[in-house]
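Enquirer: For reference, the structure I am asking about is given below.
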Amino acid sequence: MQPLKWLSAYVSPVSIVYNLVYVALIIFFCYFYTAVAFNPIDVADNLKKYGGFIPGIRPGRFTADYIDRVLTRITLGGAIYVSAVCVLPTILTQHFHVPFYFGGTALLIVVGVALDTVAQIETHLLTRNYESFMRRGGGRGR
C-alpha cells in the first residue's frame with residue numbers, strides 16, 4: 001500500500017496536478033470531438049458545389065485550410081472556457097472556503113438544460129401565437 005500513497009496525493013481533486021490533467025483532458029476531448037464532428041474539407045466542397053465562397057479566399061483547398069485554421073482558434077477559446085467553468089468552482093471552494101460546493105460539470109449541465117427549456121418554451125409560445133393568429137383570421141384569402 002505504501003507505493004500508492006504518493007499517487008493519492010496527486011489524484012485528489014485539490015491538487016494542482018489533478019487540475020492540470022483535468023484541463024488537459026478537457027482541451028484534448030474538445031479538439032477530438034471537433035475533429036470527429038466537423039470536416040472542413042466537406043464544408044469547403046459544399047460551399048463550392050452550391051456557389052458559396054468566403055470573400056478573399058479561393059475555393060477548394062484554400063477554403064478548407066482557412067476553415068480549419070478558424071476552427072482551431074475557435075475550439076481553443078471554447079476549450080479554455082469549458083476548462084475554466086469546470087475547474088474554477090473547485091479552486092474557489094478550496095482556496096476561498098466557499099460554504100457550498102457546486103461543481104463545474106454540474107453547472108454546465110444545469111445551464112444546458114435551462115437553455116434547452118427556454119428554447120422549448122419559446123417554440124411552444126410561437127406555435128401557440130401562430131395558431132391563434134390563424135384562427136383569428138378566419139381563413140380569409142387576400
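Chain labels follow the order of the C-alpha cells: the first chain is A, the next B, and so on; residue numbering restarts at 1 in every chain, and ligands are counted from 1 in their shown order.
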Residues near Ile41 in chain A, anyone? I mean within 12 Å using only C-alpha atoms, not counting same-chain ones fewer than 2 positions away, as a PyMOL selection string.

Expert: chain A and resi 35+38-39+43-48+59-68

Enquirer: Next, write the just-selected residues to a file, as a PDB file, in the first residue's frame, keeping C-alpha atoms as the atom set.

Expert:
ATOM      1  CA  ALA A  35     -12.288  16.655 -35.455  1.00  0.00           C
ATOM      2  CA  PHE A  38     -16.755  18.665 -38.289  1.00  0.00           C
ATOM      3  CA  ASN A  39     -14.879  18.093 -41.530  1.00  0.00           C
ATOM      4  CA  VAL A  43     -17.712  22.139 -45.815  1.00  0.00           C
ATOM      5  CA  ALA A  44     -15.383  23.655 -48.427  1.00  0.00           C
ATOM      6  CA  ASP A  45     -16.665  21.207 -51.076  1.00  0.00           C
ATOM      7  CA  ASN A  46     -20.291  22.009 -50.209  1.00  0.00           C
ATOM      8  CA  LEU A  47     -19.588  25.727 -50.396  1.00  0.00           C
ATOM      9  CA  LYS A  48     -18.006  25.268 -53.822  1.00  0.00           C
ATOM     10  CA  PRO A  59     -12.494  27.918 -53.393  1.00  0.00           C
ATOM     11  CA  GLY A  60     -11.337  24.357 -52.730  1.00  0.00           C
ATOM     12  CA  ARG A  61      -8.245  23.531 -50.698  1.00  0.00           C
ATOM     13  CA  PHE A  62      -7.622  27.163 -49.669  1.00  0.00           C
ATOM     14  CA  THR A  63     -11.144  27.419 -48.238  1.00  0.00           C
ATOM     15  CA  ALA A  64     -10.687  24.134 -46.353  1.00  0.00           C
ATOM     16  CA  ASP A  65      -7.381  25.373 -44.905  1.00  0.00           C
ATOM     17  CA  TYR A  66      -8.975  28.658 -43.857  1.00  0.00           C
ATOM     18  CA  ILE A  67     -11.944  26.900 -42.215  1.00  0.00           C
ATOM     19  CA  ASP A  68      -9.561  24.540 -40.409  1.00  0.00           C
TER      20      ASP A  68
END

Enquirer: DSSP on the backbone: which residues in chain A end up as alpha helix (DSSP H)? Give the answer as a PyMOL selection string.

Expert: chain A and resi 5-11+16-37+40-49+61-96+104-137

Enquirer: Using only C-alpha atoms, pick whichever of A:Ile109, A:Ala9, A:Ile80, A:Val70 has the shortest atom-to-atom distance to Ile26 in chain A.

Expert: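 Closest to Ile26 in chain A, using only C-alpha atoms: A:Ile80.
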
Enquirer: Record the distance separating CA of Val17 in chain A and CA of Leu107 in chain A, expressed in Å with one decimal.

Expert: 22.4 Å

Enquirer: Do a neighbour search on Tyr18 in chain A at 12 Å with only C-alpha atoms, toss out local chain neighbours closer than 6 positions, and write the hits as a tab-separated table (two decimals) with N, CA and C atoms, in the first residue's frame.

Expert:
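around.tsv, freshly written:
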chain	number	residue	atom	x	y	z
A	7	LEU	N	0.76	8.49	-4.98
A	7	LEU	CA	-0.20	8.70	-6.06
A	7	LEU	C	-1.47	9.34	-5.54
A	8	SER	N	-1.91	8.98	-4.35
A	8	SER	CA	-3.15	9.54	-3.81
A	8	SER	C	-3.02	11.04	-3.56
A	9	ALA	N	-1.82	11.52	-3.30
A	9	ALA	CA	-1.62	12.96	-3.11
A	9	ALA	C	-1.81	13.72	-4.41
A	10	TYR	N	-1.50	13.11	-5.54
A	10	TYR	CA	-1.65	13.77	-6.83
A	10	TYR	C	-3.03	13.58	-7.44
A	11	VAL	N	-3.74	12.55	-7.03
A	11	VAL	CA	-5.03	12.23	-7.63
A	11	VAL	C	-6.18	12.94	-6.94
A	12	SER	N	-5.98	13.51	-5.79
A	12	SER	CA	-7.07	14.20	-5.10
A	12	SER	C	-7.43	15.48	-5.86
A	24	ALA	N	-6.13	19.52	-19.26
A	24	ALA	CA	-5.53	18.95	-20.48
A	24	ALA	C	-6.49	17.96	-21.15
A	25	LEU	N	-7.17	17.16	-20.36
A	25	LEU	CA	-8.13	16.20	-20.93
A	25	LEU	C	-9.33	16.91	-21.54
A	87	VAL	N	-13.09	23.91	-13.66
A	87	VAL	CA	-12.06	23.91	-12.62
A	87	VAL	C	-12.26	25.03	-11.59
A	90	THR	N	-14.00	24.29	-8.10
A	90	THR	CA	-13.15	23.53	-7.18
A	90	THR	C	-12.10	24.44	-6.56
A	91	ILE	N	-11.48	25.27	-7.36
A	91	ILE	CA	-10.45	26.19	-6.85
A	91	ILE	C	-11.06	27.18	-5.86

Enquirer: Would you kindly return, as JSON, numbers by chain, each protein, DNA or RNA residue with an atom no farther than 10 Å from any atom of Tyr31 in chain A, considering only C-alpha atoms and excluding same-chain residues fewer than 5 positions away?

Expert: {"A": [25, 26, 36, 37, 71, 72, 75, 76, 78, 79]}
